[in-house]
Every structure is written in structure tokens, then in C-alpha cells.
$ cat target_19.tsv   # TSV, C-alpha atoms
chain	number	residue	atom	x	y	z
A	110	MET	CA	6.49	-13.12	20.79
A	111	SER	CA	4.62	-14.69	17.89
A	112	ALA	CA	1.13	-13.35	17.17
A	113	VAL	CA	0.22	-16.10	14.70
A	114	THR	CA	0.30	-19.69	15.96
A	115	PRO	CA	0.18	-23.05	14.15
A	116	ASP	CA	-3.45	-23.32	15.32
A	117	ASP	CA	-4.22	-20.03	13.56
A	118	ILE	CA	-2.79	-21.37	10.31
A	119	ARG	CA	-4.86	-24.55	10.63
A	120	THR	CA	-7.95	-22.40	11.17
A	121	ILE	CA	-7.24	-20.39	8.01
A	122	VAL	CA	-6.79	-23.54	5.93
A	123	ASP	CA	-9.87	-25.21	7.46
A	124	VAL	CA	-12.06	-22.19	6.69
A	125	ARG	CA	-10.75	-21.94	3.15
A	126	SER	CA	-11.21	-25.65	2.44
A	127	ALA	CA	-14.46	-26.42	4.26
A	128	HIS	CA	-16.28	-23.11	4.76
A	129	PRO	CA	-15.14	-20.57	2.13
A	130	GLU	CA	-18.48	-18.74	2.46
A	131	ARG	CA	-17.32	-17.74	5.95
A	132	ILE	CA	-14.92	-15.20	4.45
A	133	ALA	CA	-17.73	-13.09	2.99
A	134	GLU	CA	-19.65	-13.42	6.26
A	135	LEU	CA	-16.66	-12.13	8.21
A	136	ALA	CA	-16.27	-9.17	5.85
A	137	ALA	CA	-19.96	-8.28	6.21
A	138	ALA	CA	-19.85	-8.53	10.00
A	139	ARG	CA	-16.56	-6.66	10.39
A	140	ARG	CA	-16.63	-3.62	12.66
A	141	GLN	CA	-16.09	-0.61	10.44
A	142	PRO	CA	-13.62	2.21	11.15
A	143	GLU	CA	-15.08	5.58	12.13
A	144	GLY	CA	-13.34	7.28	9.21
A	145	LEU	CA	-10.15	7.39	7.18
A	146	ILE	CA	-8.24	9.66	9.55
A	147	GLY	CA	-6.97	7.91	12.65
A	148	GLU	CA	-6.24	8.86	16.22
A	149	THR	CA	-2.96	10.56	15.26
A	150	GLY	CA	-4.88	12.94	12.98
A	151	ARG	CA	-3.41	11.10	10.01
A	152	LEU	CA	-3.82	7.74	8.29
A	153	MET	CA	-1.27	5.01	9.06
A	154	LEU	CA	-1.48	1.90	6.87
A	155	ILE	CA	0.57	-1.28	6.73
A	156	ALA	CA	1.01	-2.26	3.06
A	157	THR	CA	1.66	-5.79	1.88
A	158	ASP	CA	0.61	-6.09	-1.73
A	159	HIS	CA	4.15	-6.82	-2.95
A	160	PRO	CA	3.93	-10.66	-3.05
A	161	ALA	CA	1.11	-10.66	-5.60
A	162	ARG	CA	3.43	-8.86	-8.02
A	163	GLY	CA	6.20	-11.38	-7.39
A	164	ALA	CA	8.24	-8.84	-5.39
A	165	LEU	CA	9.30	-10.83	-2.34
A	166	ARG	CA	12.58	-9.16	-1.38
A	167	ALA	CA	13.07	-7.26	1.88
A	168	GLY	CA	16.59	-6.00	2.48
A	169	ASP	CA	19.11	-8.71	1.61
A	170	ASP	CA	16.58	-11.57	1.78
A	171	ALA	CA	15.23	-12.30	-1.71
A	172	LEU	CA	12.40	-14.47	-0.35
A	173	ALA	CA	11.57	-12.61	2.88
A	174	MET	CA	7.92	-12.08	1.96
A	175	GLY	CA	7.58	-15.58	0.51
A	176	ASP	CA	7.07	-17.21	3.93
A	177	ARG	CA	3.33	-16.64	4.46
A	178	VAL	CA	3.30	-17.66	8.12
A	179	GLN	CA	6.14	-15.28	8.99
A	180	LEU	CA	4.55	-12.53	6.91
A	181	LEU	CA	1.15	-12.90	8.58
A	182	ASP	CA	2.77	-12.91	12.00
A	183	ARG	CA	4.59	-9.64	11.29
A	184	ILE	CA	1.47	-8.01	9.81
A	185	VAL	CA	-0.73	-8.98	12.77
A	186	ARG	CA	1.85	-7.69	15.22
A	187	ALA	CA	2.08	-4.39	13.32
A	188	LEU	CA	-1.71	-3.99	13.08
A	189	ASP	CA	-2.01	-4.55	16.82
A	190	ARG	CA	0.13	-1.51	17.67
A	191	PRO	CA	-1.61	1.69	18.85
A	192	GLY	CA	-1.97	4.27	16.10
A	193	VAL	CA	-1.98	1.81	13.20
A	194	ASP	CA	-5.20	2.49	11.32
A	195	GLY	CA	-5.36	-0.26	8.74
A	196	PHE	CA	-4.04	-2.48	6.01
A	197	LEU	CA	-3.45	-2.38	2.26
A	198	GLY	CA	-3.18	-5.66	0.38
A	199	THR	CA	-4.57	-8.19	-2.05
A	200	ALA	CA	-7.56	-10.43	-1.38
A	201	ASP	CA	-5.54	-13.44	-0.25
A	202	LEU	CA	-3.88	-11.57	2.60
A	203	ILE	CA	-6.94	-9.50	3.49
A	204	GLU	CA	-9.01	-12.68	3.76
A	205	ASP	CA	-6.37	-14.41	5.91
A	206	LEU	CA	-6.47	-11.38	8.21
A	207	LEU	CA	-10.28	-11.43	8.30
A	208	ILE	CA	-10.18	-15.05	9.47
A	209	LEU	CA	-7.62	-14.08	12.13
A	210	GLY	CA	-9.86	-11.22	13.31
A	211	ALA	CA	-7.07	-8.69	12.72
A	212	LEU	CA	-9.11	-6.17	10.69
A	213	GLU	CA	-11.82	-5.22	13.19
A	214	GLY	CA	-12.29	-1.45	13.12
A	215	LYS	CA	-9.47	-1.05	10.60
A	216	VAL	CA	-9.32	0.87	7.34
A	217	VAL	CA	-8.92	-1.72	4.54
A	218	ILE	CA	-7.61	-0.75	1.10
A	219	GLY	CA	-7.72	-3.34	-1.68
A	220	SER	CA	-4.80	-3.47	-4.11
A	221	MET	CA	-6.10	-3.46	-7.68
A	222	ASN	CA	-3.48	-3.77	-10.45
A	223	ARG	CA	-0.95	-6.51	-9.84
A	224	GLY	CA	-0.47	-7.69	-13.43
A	225	GLY	CA	2.86	-5.91	-13.91
A	226	LEU	CA	4.89	-8.74	-12.46
A	227	ALA	CA	8.35	-7.78	-11.27
A	228	GLY	CA	11.11	-8.58	-13.74
A	229	THR	CA	8.88	-9.37	-16.74
A	230	THR	CA	8.89	-7.87	-20.22
A	231	PHE	CA	5.27	-6.75	-19.67
A	232	GLU	CA	5.88	-5.13	-16.27
A	233	ILE	CA	4.77	-1.64	-17.32
A	234	ASP	CA	1.50	-2.94	-18.82
A	235	ASP	CA	0.15	-3.23	-15.29
A	236	ARG	CA	-3.21	-4.96	-15.76
A	237	PHE	CA	-5.93	-4.90	-13.11
A	238	THR	CA	-5.83	-8.50	-11.96
A	239	ALA	CA	-6.81	-8.13	-8.28
A	240	TYR	CA	-9.67	-6.09	-6.78
A	241	ASP	CA	-12.11	-3.96	-8.74
A	242	ALA	CA	-14.25	-1.19	-7.26
A	243	PRO	CA	-17.52	-3.19	-7.00
A	244	ALA	CA	-15.73	-5.96	-5.07
A	245	ILE	CA	-14.12	-3.44	-2.71
A	246	ALA	CA	-17.46	-1.74	-2.10
A	247	GLY	CA	-19.30	-5.04	-1.69
A	248	ALA	CA	-16.85	-6.23	0.96
A	249	GLY	CA	-17.21	-3.01	2.95
A	250	TYR	CA	-13.63	-1.86	2.45
A	251	GLN	CA	-12.60	1.80	2.34
A	252	GLY	CA	-10.80	2.17	-0.96
A	253	GLY	CA	-8.55	0.83	-3.67
A	254	LYS	CA	-4.91	1.36	-4.53
A	255	MET	CA	-3.29	1.36	-7.95
A	256	LEU	CA	0.32	1.56	-9.13
A	257	PHE	CA	0.77	3.94	-12.08
A	258	ARG	CA	4.22	3.76	-13.66
A	259	ILE	CA	4.91	5.99	-16.65
A	260	ASP	CA	7.67	4.72	-18.96
A	261	PRO	CA	8.10	7.18	-21.86
A	262	SER	CA	9.67	4.42	-23.98
A	263	ASP	CA	7.06	1.70	-23.31
A	264	PRO	CA	3.69	1.88	-25.11
A	265	GLY	CA	2.22	-0.33	-22.39
A	266	THR	CA	2.06	2.79	-20.25
A	267	VAL	CA	-1.03	4.12	-22.00
A	268	SER	CA	-3.05	0.96	-21.28
A	269	THR	CA	-2.18	1.22	-17.60
A	270	MET	CA	-3.03	4.92	-17.61
A	271	GLN	CA	-6.45	4.29	-19.13
A	272	ALA	CA	-7.16	1.45	-16.69
A	273	CYS	CA	-6.14	3.61	-13.72
A	274	ALA	CA	-8.42	6.43	-14.88
A	275	GLN	CA	-11.33	4.01	-15.16
A	276	ALA	CA	-10.58	2.61	-11.69
A	277	VAL	CA	-10.50	6.10	-10.15
A	278	ASP	CA	-13.90	6.84	-11.70
A	279	SER	CA	-15.34	3.53	-10.53
A	280	LEU	CA	-14.10	3.99	-6.96
A	281	ALA	CA	-15.44	7.55	-6.90
A	282	SER	CA	-18.86	6.31	-8.01
A	283	HIS	CA	-18.88	4.22	-4.81
A	284	GLN	CA	-17.50	7.18	-2.78
A	285	LEU	CA	-14.36	5.22	-1.99
A	286	MET	CA	-10.77	6.41	-1.77
A	287	ALA	CA	-8.69	5.99	-4.93
A	288	MET	CA	-5.05	5.74	-3.85
A	289	VAL	CA	-2.77	6.34	-6.84
A	290	GLU	CA	0.97	5.58	-6.59
A	291	PRO	CA	2.69	7.24	-9.59
A	292	PHE	CA	6.26	7.03	-10.86
A	293	ILE	CA	8.24	7.98	-13.93
A	294	SER	CA	10.03	4.71	-14.69
A	295	GLY	CA	12.39	3.15	-17.20
A	296	ARG	CA	14.64	0.17	-17.80
A	297	ASP	CA	18.30	0.25	-16.82
A	298	GLU	CA	21.17	-1.42	-18.70
A	299	SER	CA	20.18	-4.83	-17.30
A	300	GLY	CA	16.55	-4.40	-18.37
A	301	ARG	CA	15.23	-3.92	-14.84
A	302	ILE	CA	12.52	-1.30	-14.22
A	303	ARG	CA	13.83	1.59	-12.11
A	304	ASN	CA	11.81	4.48	-10.72
A	305	ASP	CA	13.19	7.98	-11.33
A	306	LEU	CA	13.25	9.72	-7.94
A	307	SER	CA	14.52	13.07	-9.17
A	308	THR	CA	12.46	16.08	-8.14
A	309	GLU	CA	11.34	16.76	-11.72
A	310	ALA	CA	10.21	13.16	-12.27
A	311	VAL	CA	8.28	12.88	-9.01
A	312	VAL	CA	6.55	16.23	-9.56
A	313	ARG	CA	5.65	15.25	-13.13
A	314	SER	CA	4.24	11.88	-12.07
A	315	ALA	CA	2.16	13.51	-9.31
A	316	THR	CA	0.61	16.07	-11.67
A	317	VAL	CA	-0.28	13.42	-14.27
A	318	ALA	CA	-1.79	11.12	-11.62
A	319	ALA	CA	-3.87	13.95	-10.15
A	320	GLY	CA	-5.53	14.53	-13.52
A	321	LEU	CA	-6.75	10.95	-14.03
A	322	ALA	CA	-10.48	10.31	-14.48
A	323	SER	CA	-13.52	12.58	-14.54
A	324	THR	CA	-13.23	13.49	-10.85
A	325	SER	CA	-10.44	13.71	-8.30
A	326	ALA	CA	-12.81	14.15	-5.35
A	327	HIS	CA	-11.80	10.82	-3.81
A	328	THR	CA	-8.20	10.62	-5.09
A	329	TRP	CA	-5.22	10.48	-2.74
A	330	LEU	CA	-1.61	10.33	-3.95
A	331	LYS	CA	0.93	7.90	-2.53
A	332	LEU	CA	4.32	9.53	-3.13
A	333	PRO	CA	7.94	8.61	-2.36
A	334	VAL	CA	9.96	10.60	0.14
A	335	ILE	CA	12.77	12.41	-1.69
A	336	GLU	CA	15.15	15.18	-0.67
A	337	ASP	CA	13.12	18.05	-2.15
A	338	MET	CA	9.71	17.15	-0.76
A	339	GLU	CA	8.76	20.83	-0.60
A	340	ALA	CA	8.64	20.97	-4.41
A	341	VAL	CA	6.78	17.66	-4.62
A	342	LEU	CA	4.11	18.71	-2.12
A	343	ALA	CA	3.72	22.07	-3.83
A	344	SER	CA	2.69	20.29	-7.02
A	345	THR	CA	-0.73	19.10	-5.83
A	346	THR	CA	-3.71	19.93	-3.65
A	347	LEU	CA	-4.70	16.27	-3.28
A	348	PRO	CA	-4.13	14.52	0.06
A	349	VAL	CA	-0.67	12.90	0.10
A	350	LEU	CA	0.36	9.65	1.77
A	351	LEU	CA	4.09	9.01	2.14
A	352	LEU	CA	5.48	5.81	0.66
A	353	GLY	CA	7.72	3.98	3.10
A	354	GLY	CA	9.85	2.41	0.38
A	355	GLU	CA	12.54	-0.24	0.56
A	356	VAL	CA	14.17	-1.48	3.75
A	357	ALA	CA	16.97	1.01	4.48
A	358	ALA	CA	20.36	0.04	5.85
A	359	ASP	CA	20.33	3.30	7.83
A	360	GLN	CA	16.94	3.30	9.51
A	361	ASP	CA	17.71	6.45	11.51
A	362	ALA	CA	18.29	8.41	8.28
A	363	GLN	CA	15.11	6.99	6.78
A	364	PHE	CA	13.08	7.96	9.84
A	365	ALA	CA	14.59	11.47	9.78
A	366	ALA	CA	13.47	11.92	6.16
A	367	TRP	CA	9.95	10.73	7.03
A	368	SER	CA	9.79	13.02	10.05
A	369	LYS	CA	10.80	16.04	7.98
A	370	ALA	CA	8.18	15.29	5.31
A	371	LEU	CA	5.49	14.81	7.95
A	372	THR	CA	5.82	18.44	9.04
A	373	SER	CA	3.85	19.44	5.92
A	374	PRO	CA	0.06	19.84	6.30
A	375	MET	CA	-0.25	18.34	2.80
A	376	VAL	CA	0.81	14.97	4.18
A	377	LYS	CA	-2.18	13.09	5.53
A	378	GLY	CA	-0.44	9.88	6.49
A	379	MET	CA	1.92	7.05	5.62
A	380	VAL	CA	1.70	3.73	3.82
A	381	VAL	CA	4.59	1.50	4.88
A	382	GLY	CA	5.33	-2.15	4.27
A	383	ARG	CA	8.74	-3.76	4.20
A	384	SER	CA	10.45	-0.95	6.14
A	385	LEU	CA	8.34	-1.73	9.20
A	386	LEU	CA	7.67	-5.44	8.73
A	387	PHE	CA	11.34	-6.30	8.10
A	388	PRO	CA	13.29	-3.52	9.85
A	389	PRO	CA	17.03	-3.74	10.50
A	390	GLY	CA	17.37	-5.68	13.75
A	391	GLY	CA	13.93	-7.25	13.37
A	392	ASP	CA	12.03	-5.16	15.96
A	393	VAL	CA	8.66	-4.80	14.20
A	394	GLU	CA	6.91	-3.27	17.20
A	395	GLY	CA	9.69	-0.76	17.79
A	396	ALA	CA	9.75	0.36	14.16
A	397	VAL	CA	5.96	0.74	14.04
A	398	ASP	CA	5.81	2.65	17.34
A	399	ALA	CA	8.55	5.05	16.23
A	400	THR	CA	6.66	5.79	13.01
A	401	VAL	CA	3.35	6.35	14.83
A	402	GLU	CA	5.11	8.73	17.22
A	403	MET	CA	6.33	10.77	14.23
A	404	MET	CA	2.82	10.90	12.81
A	405	ALA	CA	1.36	12.31	16.03
A	406	ARG	CA	3.82	15.20	16.41

$ encode --input "target_19.tsv" --output "C-alpha cells"
Amino acid sequence: MSAVTPDDIRTIVDVRSAHPERIAELAAARRQPEGLIGETGRLMLIATDHPARGALRAGDDALAMGDRVQLLDRIVRALDRPGVDGFLGTADLIEDLLILGALEGKVVIGSMNRGGLAGTTFEIDDRFTAYDAPAIAGAGYQGGKMLFRIDPSDPGTVSTMQACAQAVDSLASHQLMAMVEPFISGRDESGRIRNDLSTEAVVRSATVAAGLASTSAHTWLKLPVIEDMEAVLASTTLPVLLLGGEVAADQDAQFAAWSKALTSPMVKGMVVGRSLLFPPGGDVEGAVDATVEMMAR
């Protein structure tokens, strides 16, 4: 059953065109969450900041996330499930969800650096083109997320590294979560950026990310689930959120890997987007409920 109707879309467009000031009013009046940790004892977030980086693919559909009405419908349905604590995204989606009333009592994390557009020559130089810390604090959101890809052969990496460090400091000054998603990355033969998911690379990226800025008091790491998660989790004392990753053809195997990683006390939650919003078979509610059940074990 659809959660977002044509009337809802008309309301969003009407507010944006005739009463844009209403968006700030809705943010200010929003019921705040009681804390970052949810009813499962962990933090469960739905992430949808991919479109702002031009990454619209989910599974075999290259434009899956390009249909805003369908995307909003899937997000609202996911957020409505028990055990889902909040949302991570860019301002356009967060503001649509505010208008729809879907963020009441939810943890909201603003995505910050979206300048590294997918498939571009400047992808690693990932500029901060979305939220900054003052805007996140002013809207009453709970934190900011940044992507930190380290390409040893691309000098653009150092600019991104410096910007991420500054963002961590700025978020910490507002006592807000800084969610850092690190990778060791490089270009393949076709020129496409690929993330190195070897144990050594993931451990190295986690240790570099943990050392960003003048304080790590509010820093959480968002890390991919790989085979040797024990070594990855042993590399840091920062809270870890598991990255859901791409839509998997074998969802049972993907869920088994998540479930195994969730047995570690280092893991404080999950941040999942396409895997739950566009699951094989299309059952959004079923995929979300199965993930929440894993979190509560």
C-alpha cells in the first residue's frame, strides 16, 4: 500500500512554492528524539543521500532512485516501521519528509559532502556542498555525515581530508554526532572509483578517520561489512555503525553477514539505504522488519 499519495506531492510543491518559510517552522516545531540510541538498544537509520551525488542505481535499475515520488513513498514506509530510529539525507529529502510529517521523534542526520559526483574526474575531491554544522544545529538535527575516500594516487584526497577534519570539529563544537564513512579507494581500468574492501584497507581507513580533527568525542564510524569484521572492529574504540551497502542478489547471505557483525558490542547500529528501500522482491516492510529484528537480538 502506498504511503505517499498524489495529494501529498501537491502539498509538498504548494509549500515549497507559496510558503517556503513553513519548512523552517516545521523543523523548529518537530518533536525531538529522546536520544541517539533507539528502542532496540542500537541506532537504526534509513539513508538516502545517494541521489545528491548522482548515484541513482539500485540493483539492476540505473534510475531507481531518480523517481522522487517512488523514493519518498519507500522512505516513508520504512520510517514508519517499529524500531526505525531515523533518517540520513540531504536537505531536499529531509525537507520533503518534514512537510509529510515523517520525521516526528526521529533522529535526523544531515549529509554534508556531496560534491564528489559519481563518475566524474573530480569525484575524490569531495567538496562540502550540502549541510554544514551550523545549519544542522540550527534545524535541530542530531548530527552530520561525511564520506571520506582516500585515493593514494589522487591529490584531491587531501582537500577532502582537511574538509572532513574541519567538519568533525565544527559538529563537535555543537555537541552533534560526526558520522564519518571512510574508504581506501582507487580507479579501475575503466576509470571508475572502486572501494577496496580488503581487511587491510578497511582497517587502515578506519584508523585514519578516527584521528580526524582536534577531538573524536562525538565521532562515529560508518563501516562496510566485510568477511573479517573482527579485525575491523578491533581497530577502533569509536562507536561503529554498519553500512548496508549495495542491493544484494542474495539477500539471505547479506542478512547473515549483518547478523554476524551485529553480535559485536562495538557495533552500535546500522545505516541502510538501497538494500532496504529496493530489496529483491520489493518487500520494503519485510526487509526493514528483518533488519530491526537482527538489531534487537

$ closest_residue --input "target_19.tsv" --among "A:Asp158, A:Glu290, A:Arg190, A:Gly224" --to "Gly175 (chain A)" --atoms "only C-alpha atoms"
A:Asp158

$ closest_residue --input "target_19.tsv" --among "A:Pro261, A:Gly247, A:Gly300, A:Pro388" --to "Asp359 (chain A)" --atoms "all atoms listed in the file"
A:Pro388

$ residues_near_point --input "target_19.tsv" --point "(1.8, -9.9, -8.2)" --cutoff "10 Å" --atoms "only C-alpha atoms" --output "PDB file with C-alpha atoms, in the coordinates of the input"
ATOM      1  CA  ASP A 158       0.610  -6.090  -1.730  1.00  0.00           C
ATOM      2  CA  HIS A 159       4.150  -6.820  -2.950  1.00  0.00           C
ATOM      3  CA  PRO A 160       3.930 -10.660  -3.050  1.00  0.00           C
ATOM      4  CA  ALA A 161       1.110 -10.660  -5.600  1.00  0.00           C
ATOM      5  CA  ARG A 162       3.430  -8.860  -8.020  1.00  0.00           C
ATOM      6  CA  GLY A 163       6.200 -11.380  -7.390  1.00  0.00           C
ATOM      7  CA  ALA A 164       8.240  -8.840  -5.390  1.00  0.00           C
ATOM      8  CA  LEU A 165       9.300 -10.830  -2.340  1.00  0.00           C
ATOM      9  CA  THR A 199      -4.570  -8.190  -2.050  1.00  0.00           C
ATOM     10  CA  ASN A 222      -3.480  -3.770 -10.450  1.00  0.00           C
ATOM     11  CA  ARG A 223      -0.950  -6.510  -9.840  1.00  0.00           C
ATOM     12  CA  GLY A 224      -0.470  -7.690 -13.430  1.00  0.00           C
ATOM     13  CA  GLY A 225       2.860  -5.910 -13.910  1.00  0.00           C
ATOM     14  CA  LEU A 226       4.890  -8.740 -12.460  1.00  0.00           C
ATOM     15  CA  ALA A 227       8.350  -7.780 -11.270  1.00  0.00           C
ATOM     16  CA  ASP A 235       0.150  -3.230 -15.290  1.00  0.00           C
ATOM     17  CA  THR A 238      -5.830  -8.500 -11.960  1.00  0.00           C
ATOM     18  CA  ALA A 239      -6.810  -8.130  -8.280  1.00  0.00           C
TER      19      ALA A 239
END

$ residues_around --input "target_19.tsv" --residues "Gly195 (chain A)" --least-positions-apart "6" --cutoff "7 Å" --atoms "only C-alpha atoms" --output "number ranges by chain"
A: 153-155, 188, 215-217

$ write_last_selection --input "target_19.tsv" --atoms "C-alpha atoms" --output "tab-separated table (two decimals), keeping the file's coordinate frame"
chain	number	residue	atom	x	y	z
A	153	MET	CA	-1.27	5.01	9.06
A	154	LEU	CA	-1.48	1.90	6.87
A	155	ILE	CA	0.57	-1.28	6.73
A	188	LEU	CA	-1.71	-3.99	13.08
A	215	LYS	CA	-9.47	-1.05	10.60
A	216	VAL	CA	-9.32	0.87	7.34
A	217	VAL	CA	-8.92	-1.72	4.54

$ atom_distance --input "target_19.tsv" --atom1 "CA of Ser279 (chain A)" --atom2 "CA of Gly378 (chain A)"
23.5 Å
